[in-house]
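This is my_file.cif (mmCIF, C-alpha atoms and all ligand atoms).
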```
data_data
#
loop_
_atom_site.group_PDB
_atom_site.id
_atom_site.type_symbol
_atom_site.label_atom_id
_atom_site.label_comp_id
_atom_site.auth_asym_id
_atom_site.auth_seq_id
_atom_site.Cartn_x
_atom_site.Cartn_y
_atom_site.Cartn_z
ATOM 1 C CA MET B 253 -7.064 -13.190 25.768
ATOM 2 C CA SER B 254 -6.767 -16.952 26.024
ATOM 3 C CA ILE B 255 -4.753 -18.909 23.502
ATOM 4 C CA GLU B 256 -7.910 -20.859 22.621
ATOM 5 C CA SER B 257 -9.742 -17.740 21.557
ATOM 6 C CA LEU B 258 -6.687 -16.547 19.582
ATOM 7 C CA ARG B 259 -6.625 -19.886 17.741
ATOM 8 C CA ALA B 260 -10.314 -19.452 16.936
ATOM 9 C CA ASP B 261 -9.730 -15.863 15.729
ATOM 10 C CA ILE B 262 -6.961 -16.985 13.351
ATOM 11 C CA VAL B 263 -9.277 -19.665 11.928
ATOM 12 C CA GLU B 264 -12.029 -17.077 11.405
ATOM 13 C CA ILE B 265 -9.727 -14.520 9.782
ATOM 14 C CA GLY B 266 -8.254 -17.208 7.507
ATOM 15 C CA ARG B 267 -11.778 -18.092 6.423
ATOM 16 C CA ARG B 268 -12.612 -14.460 5.676
ATOM 17 C CA MET B 269 -9.399 -13.931 3.702
ATOM 18 C CA TYR B 270 -10.033 -17.009 1.595
ATOM 19 C CA ALA B 271 -13.717 -16.160 1.084
ATOM 20 C CA ARG B 272 -12.811 -12.676 -0.100
ATOM 21 C CA GLY B 273 -10.235 -14.021 -2.532
ATOM 22 C CA TYR B 274 -7.293 -12.497 -0.695
ATOM 23 C CA THR B 275 -5.510 -15.835 -0.894
ATOM 24 C CA ALA B 276 -5.595 -18.791 -3.255
ATOM 25 C CA SER B 277 -4.609 -22.334 -2.398
ATOM 26 C CA ASN B 278 -2.186 -22.255 0.577
ATOM 27 C CA ASP B 279 -1.173 -18.588 0.240
ATOM 28 C CA GLY B 280 -1.000 -16.130 3.090
ATOM 29 C CA ASN B 281 -0.205 -16.353 6.776
ATOM 30 C CA ILE B 282 -1.363 -14.968 10.107
ATOM 31 C CA SER B 283 0.320 -14.646 13.495
ATOM 32 C CA VAL B 284 -0.354 -13.142 16.916
ATOM 33 C CA ARG B 285 1.633 -12.578 20.107
ATOM 34 C CA VAL B 286 0.699 -14.780 23.040
ATOM 35 C CA GLY B 287 1.970 -13.145 26.201
ATOM 36 C CA ASP B 288 5.399 -11.533 26.006
ATOM 37 C CA ASP B 289 7.541 -14.204 24.438
ATOM 38 C CA ARG B 290 5.401 -16.515 22.329
ATOM 39 C CA LEU B 291 3.747 -16.366 18.922
ATOM 40 C CA LEU B 292 0.796 -18.308 17.597
ATOM 41 C CA MET B 293 1.133 -18.780 13.850
ATOM 42 C CA THR B 294 -0.565 -20.430 10.916
ATOM 43 C CA PRO B 295 1.236 -23.578 9.725
ATOM 44 C CA LYS B 296 2.983 -24.171 6.444
ATOM 45 C CA SER B 297 1.041 -25.554 3.461
ATOM 46 C CA VAL B 298 -2.569 -25.277 4.534
ATOM 47 C CA CYS B 299 -5.408 -23.431 2.849
ATOM 48 C CA LYS B 300 -6.379 -20.495 5.056
ATOM 49 C CA GLY B 301 -10.036 -21.113 4.285
ATOM 50 C CA PHE B 302 -10.111 -24.542 5.916
ATOM 51 C CA MET B 303 -7.990 -24.327 9.049
ATOM 52 C CA THR B 304 -8.885 -25.760 12.451
ATOM 53 C CA PRO B 305 -7.699 -24.319 15.804
ATOM 54 C CA ASP B 306 -5.427 -27.298 16.548
ATOM 55 C CA MET B 307 -3.356 -26.684 13.380
ATOM 56 C CA MET B 308 -1.624 -23.570 14.751
ATOM 57 C CA CYS B 309 2.026 -23.527 15.820
ATOM 58 C CA VAL B 310 3.385 -21.923 18.951
ATOM 59 C CA THR B 311 6.909 -20.522 18.538
ATOM 60 C CA ASP B 312 9.219 -18.303 20.533
ATOM 61 C CA LEU B 313 10.247 -14.865 19.228
ATOM 62 C CA ALA B 314 13.228 -16.410 17.420
ATOM 63 C CA GLY B 315 10.920 -18.760 15.516
ATOM 64 C CA LYS B 316 11.732 -21.952 17.403
ATOM 65 C CA LYS B 317 8.733 -24.242 17.478
ATOM 66 C CA ILE B 318 7.456 -24.839 20.994
ATOM 67 C CA GLN B 319 4.234 -26.627 20.241
ATOM 68 C CA GLY B 320 2.224 -27.940 17.279
ATOM 69 C CA ASP B 321 2.153 -30.926 14.930
ATOM 70 C CA ARG B 322 2.936 -28.840 11.875
ATOM 71 C CA ASP B 323 5.763 -26.508 10.931
ATOM 72 C CA PRO B 324 5.190 -22.776 11.139
ATOM 73 C CA SER B 325 4.503 -20.637 8.063
ATOM 74 C CA SER B 326 7.182 -20.406 5.397
ATOM 75 C CA GLU B 327 6.998 -16.610 5.810
ATOM 76 C CA MET B 328 7.784 -16.831 9.520
ATOM 77 C CA LEU B 329 10.966 -14.745 9.110
ATOM 78 C CA MET B 330 8.918 -11.800 7.871
ATOM 79 C CA HIS B 331 6.595 -12.074 10.896
ATOM 80 C CA LEU B 332 9.536 -12.302 13.302
ATOM 81 C CA GLU B 333 11.057 -9.178 11.763
ATOM 82 C CA VAL B 334 7.841 -7.242 12.325
ATOM 83 C CA TYR B 335 7.617 -8.263 15.987
ATOM 84 C CA GLN B 336 11.253 -7.396 16.506
ATOM 85 C CA GLN B 337 10.909 -3.933 14.953
ATOM 86 C CA ARG B 338 7.514 -3.109 16.418
ATOM 87 C CA PRO B 339 6.979 -3.947 20.098
ATOM 88 C CA ASP B 340 3.532 -2.321 19.807
ATOM 89 C CA VAL B 341 2.387 -4.785 17.134
ATOM 90 C CA ARG B 342 0.561 -7.852 18.418
ATOM 91 C CA ALA B 343 -0.656 -9.385 15.133
ATOM 92 C CA VAL B 344 0.542 -9.730 11.523
ATOM 93 C CA VAL B 345 -1.468 -10.646 8.425
ATOM 94 C CA HIS B 346 -0.034 -11.437 4.996
ATOM 95 C CA ALA B 347 -2.124 -12.140 1.889
ATOM 96 C CA HIS B 348 -2.233 -11.660 -1.879
ATOM 97 C CA PRO B 349 -5.410 -9.618 -2.437
ATOM 98 C CA PRO B 350 -5.635 -9.279 -6.220
ATOM 99 C CA THR B 351 -6.036 -5.540 -6.721
ATOM 100 C CA ALA B 352 -3.453 -4.493 -4.140
ATOM 101 C CA THR B 353 -1.144 -7.179 -5.480
ATOM 102 C CA GLY B 354 -1.772 -5.828 -8.987
ATOM 103 C CA PHE B 355 -0.428 -2.463 -7.785
ATOM 104 C CA ALA B 356 2.517 -4.321 -6.230
ATOM 105 C CA VAL B 357 3.172 -6.042 -9.552
ATOM 106 C CA ALA B 358 2.884 -2.766 -11.456
ATOM 107 C CA GLY B 359 5.341 -1.197 -9.016
ATOM 108 C CA ILE B 360 2.847 1.477 -7.912
ATOM 109 C CA PRO B 361 2.651 2.310 -4.188
ATOM 110 C CA LEU B 362 -0.699 3.412 -2.751
ATOM 111 C CA ASP B 363 0.624 6.715 -1.508
ATOM 112 C CA ARG B 364 -1.618 9.344 -3.052
ATOM 113 C CA ALA B 365 -3.851 11.479 -0.856
ATOM 114 C CA VAL B 366 -7.150 10.105 -2.115
ATOM 115 C CA LEU B 367 -9.325 8.857 0.754
ATOM 116 C CA ALA B 368 -9.697 10.672 4.077
ATOM 117 C CA GLU B 369 -10.161 7.453 6.040
ATOM 118 C CA VAL B 370 -7.056 5.849 4.625
ATOM 119 C CA LEU B 371 -5.022 8.963 5.430
ATOM 120 C CA THR B 372 -6.152 8.980 9.054
ATOM 121 C CA THR B 373 -5.602 5.252 9.551
ATOM 122 C CA LEU B 374 -2.794 3.913 7.381
ATOM 123 C CA GLY B 375 -1.400 7.209 6.077
ATOM 124 C CA SER B 376 0.299 5.750 3.053
ATOM 125 C CA ILE B 377 0.895 2.223 1.808
ATOM 126 C CA PRO B 378 4.440 2.029 0.471
ATOM 127 C CA LEU B 379 5.903 -0.614 -1.795
ATOM 128 C CA ALA B 380 8.653 -2.783 -0.319
ATOM 129 C CA GLU B 381 11.077 -3.874 -2.966
ATOM 130 C CA TYR B 382 10.997 -7.330 -4.464
ATOM 131 C CA ALA B 383 12.450 -10.128 -2.390
ATOM 132 C CA THR B 384 12.346 -13.883 -2.812
ATOM 133 C CA PRO B 385 9.481 -15.184 -0.651
ATOM 134 C CA SER B 386 10.390 -17.231 2.421
ATOM 135 C CA THR B 387 14.074 -16.134 2.319
ATOM 136 C CA SER B 388 15.776 -13.616 4.595
ATOM 137 C CA GLU B 389 15.476 -11.090 1.734
ATOM 138 C CA LEU B 390 11.831 -10.531 2.550
ATOM 139 C CA PRO B 391 12.327 -9.376 6.157
ATOM 140 C CA GLU B 392 15.054 -7.058 4.864
ATOM 141 C CA ALA B 393 12.682 -5.510 2.333
ATOM 142 C CA VAL B 394 10.015 -5.104 5.004
ATOM 143 C CA ARG B 395 12.456 -3.539 7.493
ATOM 144 C CA LYS B 396 12.680 -0.320 5.485
ATOM 145 C CA TYR B 397 9.018 0.543 6.019
ATOM 146 C CA ILE B 398 7.699 -1.357 9.005
ATOM 147 C CA LYS B 399 8.684 1.133 11.686
ATOM 148 C CA ALA B 400 6.558 3.854 10.129
ATOM 149 C CA HIS B 401 3.736 1.911 8.461
ATOM 150 C CA ASP B 402 0.980 -0.496 9.458
ATOM 151 C CA GLY B 403 0.452 -1.698 5.887
ATOM 152 C CA MET B 404 2.623 -2.124 2.820
ATOM 153 C CA LEU B 405 2.701 -3.731 -0.577
ATOM 154 C CA LEU B 406 5.358 -6.332 -1.313
ATOM 155 C CA ALA B 407 6.579 -5.932 -4.891
ATOM 156 C CA ASN B 408 5.462 -8.779 -7.185
ATOM 157 C CA HIS B 409 4.085 -10.661 -4.210
ATOM 158 C CA GLY B 410 1.252 -9.302 -2.039
ATOM 159 C CA ALA B 411 0.531 -7.160 0.988
ATOM 160 C CA LEU B 412 1.375 -7.082 4.691
ATOM 161 C CA THR B 413 -0.591 -5.464 7.521
ATOM 162 C CA VAL B 414 -0.036 -5.275 11.257
ATOM 163 C CA GLY B 415 -2.067 -4.218 14.270
ATOM 164 C CA GLY B 416 -2.594 -4.186 18.005
ATOM 165 C CA ASP B 417 -4.696 -7.346 17.710
ATOM 166 C CA LEU B 418 -5.688 -9.891 15.064
ATOM 167 C CA TYR B 419 -8.804 -8.124 13.850
ATOM 168 C CA SER B 420 -7.076 -4.764 13.647
ATOM 169 C CA ALA B 421 -4.343 -6.282 11.439
ATOM 170 C CA TYR B 422 -6.938 -8.068 9.303
ATOM 171 C CA TYR B 423 -9.155 -5.005 8.855
ATOM 172 C CA LYS B 424 -6.138 -3.076 7.630
ATOM 173 C CA MET B 425 -5.725 -5.741 4.945
ATOM 174 C CA GLU B 426 -9.345 -5.091 3.953
ATOM 175 C CA THR B 427 -8.611 -1.359 3.856
ATOM 176 C CA VAL B 428 -5.539 -1.854 1.670
ATOM 177 C CA GLU B 429 -7.475 -3.947 -0.851
ATOM 178 C CA HIS B 430 -10.500 -1.635 -0.804
ATOM 179 C CA PHE B 431 -8.270 1.388 -1.326
ATOM 180 C CA ALA B 432 -6.506 -0.384 -4.197
ATOM 181 C CA GLN B 433 -9.865 -1.145 -5.852
ATOM 182 C CA ILE B 434 -11.049 2.453 -5.529
ATOM 183 C CA SER B 435 -7.747 3.808 -6.809
ATOM 184 C CA LEU B 436 -7.898 1.481 -9.787
ATOM 185 C CA VAL B 437 -11.459 2.519 -10.677
ATOM 186 C CA ALA B 438 -10.596 6.229 -10.391
ATOM 187 C CA ARG B 439 -7.584 5.761 -12.614
ATOM 188 C CA MET B 440 -9.650 3.808 -15.137
ATOM 189 C CA LEU B 441 -12.143 6.662 -15.146
ATOM 190 C CA GLY B 442 -9.234 8.891 -16.028
ATOM 191 C CA ARG B 443 -9.368 11.298 -13.121
ATOM 192 C CA GLU B 444 -8.022 11.168 -9.617
ATOM 193 C CA ASN B 445 -8.693 14.300 -7.603
ATOM 194 C CA LEU B 446 -6.336 14.425 -4.666
ATOM 195 C CA ILE B 447 -6.849 15.771 -1.171
ATOM 196 C CA SER B 448 -4.719 18.892 -0.717
ATOM 197 C CA ARG B 449 -1.736 18.826 1.585
ATOM 198 C CA GLU B 450 -3.408 21.334 3.900
ATOM 199 C CA GLU B 451 -6.369 18.984 4.248
ATOM 200 C CA VAL B 452 -4.040 16.009 4.725
ATOM 201 C CA LEU B 453 -2.497 17.760 7.715
ATOM 202 C CA ARG B 454 -5.965 18.537 9.080
ATOM 203 C CA LEU B 455 -6.910 14.857 8.748
ATOM 204 C CA GLN B 456 -3.726 13.844 10.490
ATOM 205 C CA GLY B 457 -4.762 16.098 13.362
ATOM 206 C CA LEU B 458 -7.936 14.015 13.700
ATOM 207 C CA ARG B 459 -5.988 10.847 14.468
ATOM 208 C CA GLY B 460 -5.914 11.796 18.146
ATOM 209 C CA THR B 461 -9.657 12.501 18.157
ATOM 210 C CA TYR B 462 -10.354 9.020 16.795
ATOM 211 C CA GLY B 463 -7.802 7.390 19.079
ATOM 212 C CA ILE B 464 -5.772 6.140 16.125
ATOM 213 C CA GLN B 465 -2.296 5.018 17.148
ATOM 214 C CA ALA B 466 -0.330 5.599 13.953
ATOM 215 C CA PRO B 467 3.288 4.455 14.134
ATOM 216 C CA ALA B 468 4.586 7.637 12.455
ATOM 217 C CA PRO B 469 3.397 11.027 11.223
ATOM 218 C CA ILE B 470 2.548 11.831 7.626
ATOM 219 C CA CYS B 471 5.410 13.752 6.064
ATOM 220 C CA LEU B 472 4.945 16.774 3.862
ATOM 221 C CA ASP B 473 7.748 19.210 3.297
ATOM 222 C CA PRO B 474 6.696 22.576 4.822
ATOM 223 C CA ASP B 475 9.075 24.512 2.591
ATOM 224 C CA VAL B 476 7.413 23.516 -0.634
ATOM 225 C CA THR B 477 4.551 25.822 -1.520
ATOM 226 C CA GLY B 478 3.969 24.345 -4.962
ATOM 227 C CA GLY B 479 1.846 26.526 -7.187
ATOM 228 C CA ALA B 480 0.365 28.707 -4.425
ATOM 229 C CA GLY B 481 -0.627 32.140 -5.695
ATOM 230 C CA THR B 482 0.219 31.378 -9.262
ATOM 231 C CA SER B 483 -1.773 30.100 -12.156
ATOM 232 C CA ALA B 484 0.597 27.189 -12.542
ATOM 233 C CA PRO B 485 -0.828 23.773 -11.750
ATOM 234 C CA ALA B 486 -0.400 22.764 -8.129
ATOM 235 C CA GLN B 487 2.813 20.961 -7.571
ATOM 236 C CA THR B 488 2.719 17.449 -6.263
ATOM 237 C CA VAL B 489 4.813 17.223 -3.148
ATOM 238 C CA VAL B 490 6.602 14.010 -2.549
ATOM 239 C CA ALA B 491 8.172 14.265 0.854
ATOM 240 C CA GLY B 492 9.827 11.799 3.144
ATOM 241 C CA PRO B 493 12.486 9.285 2.290
ATOM 242 C CA ARG B 494 13.821 9.726 -1.178
ATOM 243 C CA GLU B 495 14.067 7.024 -3.774
ATOM 244 C CA GLY B 496 16.986 4.770 -3.089
ATOM 245 C CA ALA B 497 17.446 5.985 0.473
ATOM 246 C CA GLU B 498 19.016 3.230 2.492
ATOM 247 C CA ASP B 499 17.599 4.440 5.770
ATOM 248 C CA ALA B 500 14.363 3.124 7.106
ATOM 249 C CA ALA B 501 11.345 5.369 6.636
ATOM 250 C CA THR B 502 10.534 7.476 9.687
ATOM 251 C CA CYS B 503 7.334 9.007 8.363
ATOM 252 C CA GLN B 504 4.477 8.174 6.023
ATOM 253 C CA THR B 505 5.096 9.658 2.609
ATOM 254 C CA VAL B 506 1.916 10.981 1.033
ATOM 255 C CA GLN B 507 1.588 12.599 -2.362
ATOM 256 C CA ALA B 508 -0.627 15.632 -1.936
ATOM 257 C CA PRO B 509 -0.612 18.770 -4.060
ATOM 258 C CA ALA B 510 -0.794 22.262 -2.540
ATOM 259 C CA GLY B 511 -4.427 23.296 -2.341
ATOM 260 C CA THR B 512 -4.256 27.030 -3.116
ATOM 261 C CA GLY B 513 -7.380 27.449 -1.031
ATOM 262 C CA SER B 514 -9.249 24.386 -2.194
ATOM 263 C CA ARG B 515 -9.324 21.147 -0.292
ATOM 264 C CA LEU B 516 -9.526 18.952 -3.369
ATOM 265 C CA VAL B 517 -7.031 19.382 -6.144
ATOM 266 C CA ALA B 518 -6.979 17.837 -9.572
ATOM 267 C CA ALA B 519 -4.217 15.297 -9.658
ATOM 268 C CA LEU B 520 -1.161 16.771 -11.202
ATOM 269 C CA ASP B 521 -0.982 14.504 -13.990
ATOM 270 C CA PHE B 522 1.153 13.728 -16.633
ATOM 271 C CA THR B 523 -1.529 14.274 -19.250
ATOM 272 C CA ASN B 524 -1.058 18.059 -19.452
ATOM 273 C CA GLU B 525 2.573 17.579 -20.127
ATOM 274 C CA ALA B 526 1.938 14.585 -22.356
ATOM 275 C CA ARG B 527 -0.696 16.503 -24.316
ATOM 276 C CA PHE B 528 1.720 19.344 -24.858
ATOM 277 C CA ARG B 529 4.402 16.969 -25.991
ATOM 278 C CA ALA B 530 1.940 15.014 -28.111
ATOM 279 C CA SER B 531 0.684 18.076 -29.952
ATOM 280 C CA GLY B 532 4.276 19.155 -30.528
ATOM 281 C CA ALA B 533 5.189 15.701 -31.752
ATOM 282 C CA LEU B 534 2.182 15.642 -34.021
ATOM 283 C CA ARG B 535 2.944 19.050 -35.493
ATOM 284 C CA GLN B 536 6.526 18.095 -36.070
ATOM 285 C CA ALA B 537 5.545 14.773 -37.561
ATOM 286 C CA ALA B 538 2.988 16.467 -39.804
ATOM 287 C CA SER B 539 5.480 18.984 -41.049
ATOM 288 C CA GLU B 540 8.000 16.276 -41.799
ATOM 289 C CA ALA B 541 5.552 13.782 -43.186
ATOM 290 C CA SER B 542 4.099 13.838 -46.612
ATOM 291 C CA GLY B 543 1.406 11.634 -48.068
ATOM 292 C CA GLU B 544 1.242 8.258 -46.359
ATOM 293 C CA ALA B 545 4.278 8.691 -44.133
ATOM 294 C CA GLU B 546 4.120 7.020 -40.732
ATOM 295 C CA ILE B 547 3.759 9.082 -37.550
ATOM 296 C CA ARG B 548 5.219 7.581 -34.403
ATOM 297 C CA LEU B 549 3.772 8.445 -30.993
ATOM 298 C CA THR B 550 4.521 6.985 -27.594
ATOM 299 C CA TYR B 551 1.653 5.227 -25.863
ATOM 300 C CA ARG B 552 1.338 8.114 -23.434
ATOM 301 C CA GLU B 553 1.186 10.678 -26.239
ATOM 302 C CA LEU B 554 -1.445 8.652 -28.019
ATOM 303 C CA SER B 555 -3.506 8.285 -24.811
ATOM 304 C CA ALA B 556 -3.335 12.040 -24.259
ATOM 305 C CA LEU B 557 -4.540 12.724 -27.795
ATOM 306 C CA ILE B 558 -7.438 10.293 -27.424
ATOM 307 C CA GLU B 559 -8.358 11.752 -24.041
ATOM 308 C CA ASP B 560 -8.318 15.241 -25.552
ATOM 309 C CA ALA B 561 -10.512 14.158 -28.422
ATOM 310 C CA ILE B 562 -13.038 12.608 -25.990
ATOM 311 C CA LYS B 563 -13.105 15.815 -23.931
ATOM 312 C CA ASN B 564 -13.792 17.835 -27.040
ATOM 313 C CA LEU B 565 -16.724 15.584 -27.850
ATOM 314 C CA ARG B 566 -18.416 16.272 -24.501
HETATM 315 ZN ZN ZN B 601 2.922 -14.500 0.152
#
```
How does the structure come out when it is put into structure tokens?
Amino acid sequence: MSIESLRADIVEIGRRMYARGYTASNDGNISVRVGDDRLLMTPKSVCKGFMTPDMMCVTDLAGKKIQGDRDPSSEMLMHLEVYQQRPDVRAVVHAHPPTATGFAVAGIPLDRAVLAEVLTTLGSIPLAEYATPSTSELPEAVRKYIKAHDGMLLANHGALTVGGDLYSAYYKMETVEHFAQISLVARMLGRENLISREEVLRLQGLRGTYGIQAPAPICLDPDVTGGAGTSAPAQTVVAGPREGAEDAATCQTVQAPAGTGSRLVAALDFTNEARFRASGALRQAASEASGEAEIRLTYRELSALIEDAIKNLR
């Protein structure tokens, strides 16, 4: 692909990102490999919605500017880290799409087995820990997940996606934001049925059929049978790198409960436990309280009580 058409593709993708509200003002950045040892990158301090092809910078793989009137993106270090860790990646997109970034601000990774298409393509979307933008902290935070993931959230910042070409990286950004929106709506509706781990593995098997080149497999611990054959609620399996692990992720951690024969499983939620605790707390409070005494409940206990009351109304 000629460098002229890559310049034009970056302009077009910048326009789409801005039009979809994935960036505001001068946020976000885009880069692509040109040949084996050059990168074409968006410049610093321009709105991605109004770029022209001549604005782009050409750098080497160490970030040294080779060509261009402007300086390369302030997040160049993050891009360089991706290219260094992932020889297969030819393009990188960074933006602040509001719903995905909301999850990143709330500290919630998009790693639940919810949508079949997301499982086959991205697997899971982890949350890289907070790092000061444009410093060397950010590439360090990204390093933990980039070998095994094509998309991730950046805590209190935004999202990062990568691909074999510019459009593939950009479409993954669309997928991340779309997935975040759907997850948010499901959670607002109060129910998130998850795809069972058995079905997750079946979906992973389809990657080959669709020609999807995932950087790493989905990881589910085969030893955990969680709830199978019992009346206990299915156990949510969180496999893969544990919290606080220093090592880089080598697989895509997905939260999927054991199916016990069914392919969709009610999310193991916290409300059963919270309801139990809430009713206990209420009973205890009632027995201790007399007259106008105050009853104290945590927010979660109160939510569980309200949810219960609504269910009883139906
Ligand atoms: Zn940013």
Given the choices B:Gln336, B:Tyr397, B:Gly410, B:Ala383, which gets closest to Ala276 of chain B if the distance is worked out from only C-alpha atoms? B:Gly410
Kindly assemble as CSV a list of the segment 358-397 of chain B residues that lie within 10 Å of segment 433-441 of chain B, each paired with its nearest atom pair and their distance in Å to one decimal, using all atoms listed in the file, sorted first by chain and then by ascending residue number.
```
residue,atom,partner,partner_atom,distance
B:Leu362,CA,B:Ser435,CA,8.1
B:Arg364,CA,B:Ser435,CA,9.1
B:Val366,CA,B:Ser435,CA,7.9
B:Leu367,CA,B:Ile434,CA,9.1
```
Residues matched by the PyMOL selection byres (((not hetatm)) within 8 of (chain B and resi 601)) as a list in words: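 What the PyMOL selection byres (((not hetatm)) within 8 of (chain B and resi 601)) grabs from the file is Asp279, Gly280, Asn281, Glu327, His346, Ala347, His348, Pro385, His409, Gly410 and Ala411 of chain B.
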Might you pull out every residue within 8 Å of Tyr382 of chain B, with all atoms listed in the file counted and same-chain residues fewer than 2 positions away left off, and present them as a list of chain:residue names? B:Ala380, B:Thr384, B:Leu390, B:Ala393, B:Leu406, B:Ala407, B:Asn408, B:His409
What does the distance from atom CA of Pro339 of chain B to atom CA of Asp323 of chain B come to in Å, to one decimal? 24.4 Å
Polymer residues at most 12 Å from (0.8, -4.2, 0.9) by all atoms listed in the file, as number ranges by chain: B: 274, 344-357, 359-363, 374, 376-382, 394, 397-398, 401-414, 421, 424-432
To one decimal place in Å, what is the distance between atom CA of Arg395 of chain B and atom CA of His331 of chain B?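 One can read the atom CA of Arg395 of chain B to atom CA of His331 of chain B distance as 10.9 Å.
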Tell me, in Å to one decimal, how far atom CA of Ala518 of chain B is from atom CA of Arg449 of chain B. 12.4 Å
Rank B:Val263, B:Ala368, B:Ile447, B:Ala314 by their smallest atom-to-atom distance to Leu329 of chain B, using all atoms listed in the file, and report the top residue only.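 Checking each candidate against Leu329 of chain B, we get B:Ala314 as the closest.
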Go through segment 301-374 of chain B residue by residue and, counting all atoms listed in the file, keep those with an atom at most 9 Å from segment 456-461 of chain B; for each kept residue give the shortest atom pair and its distance in Å to one decimal, ordered by chain and increasing number, as CSV.
```
residue,atom,partner,partner_atom,distance
B:Leu371,CA,B:Gln456,CA,7.1
B:Thr372,CA,B:Gln456,CA,5.6
B:Thr373,CA,B:Arg459,CA,7.5
```
Any chance you could work out the axis-aligned box around segment 421-432 of chain B, listed atoms only, 8 Å on each side, giving centre and edge lengths in Å to one decimal, as JSON?
```
{"center_x": -7.4, "center_y": -3.3, "center_z": 3.6, "size_x": 22.2, "size_y": 25.5, "size_z": 31.6}
```
Nearest residue to Asp340 of chain B from the set B:Gly513, B:Gly415, B:Gly442, B:Gly287 (distances using all atoms listed in the file):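 Between B:Gly513, B:Gly415, B:Gly442, B:Gly287, the residue approaching Asp340 of chain B most closely is B:Gly415.
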I would like the residues chosen by the PyMOL selection byres (((chain B and resi 290) around 10) and not hetatm) on the shown file; could you give them as a PDB file with C-alpha atoms, keeping the file's coordinate frame?
```pdb
ATOM      1  CA  VAL B 284      -0.354 -13.142  16.916  1.00  0.00           C
ATOM      2  CA  ARG B 285       1.633 -12.578  20.107  1.00  0.00           C
ATOM      3  CA  VAL B 286       0.699 -14.780  23.040  1.00  0.00           C
ATOM      4  CA  GLY B 287       1.970 -13.145  26.201  1.00  0.00           C
ATOM      5  CA  ASP B 288       5.399 -11.533  26.006  1.00  0.00           C
ATOM      6  CA  ASP B 289       7.541 -14.204  24.438  1.00  0.00           C
ATOM      7  CA  LEU B 291       3.747 -16.366  18.922  1.00  0.00           C
ATOM      8  CA  LEU B 292       0.796 -18.308  17.597  1.00  0.00           C
ATOM      9  CA  MET B 293       1.133 -18.780  13.850  1.00  0.00           C
ATOM     10  CA  VAL B 310       3.385 -21.923  18.951  1.00  0.00           C
ATOM     11  CA  THR B 311       6.909 -20.522  18.538  1.00  0.00           C
ATOM     12  CA  ASP B 312       9.219 -18.303  20.533  1.00  0.00           C
ATOM     13  CA  LEU B 313      10.247 -14.865  19.228  1.00  0.00           C
ATOM     14  CA  ALA B 314      13.228 -16.410  17.420  1.00  0.00           C
ATOM     15  CA  GLY B 315      10.920 -18.760  15.516  1.00  0.00           C
ATOM     16  CA  LYS B 316      11.732 -21.952  17.403  1.00  0.00           C
ATOM     17  CA  LYS B 317       8.733 -24.242  17.478  1.00  0.00           C
ATOM     18  CA  ILE B 318       7.456 -24.839  20.994  1.00  0.00           C
TER      19      ILE B 318
END
```
Could you write out as number ranges by chain the residues that the PyMOL selection byres (((chain B and resi 502) around 9) and not hetatm) matches in the shown file? B: 397, 399-401, 468-469, 471, 492-493, 499-501, 503-504
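Using only C-alpha atoms, the smallest distance between any of B:Val452, B:Leu418, B:Met303, B:Ile562 and Glu369 of chain B comes from B:Val452.
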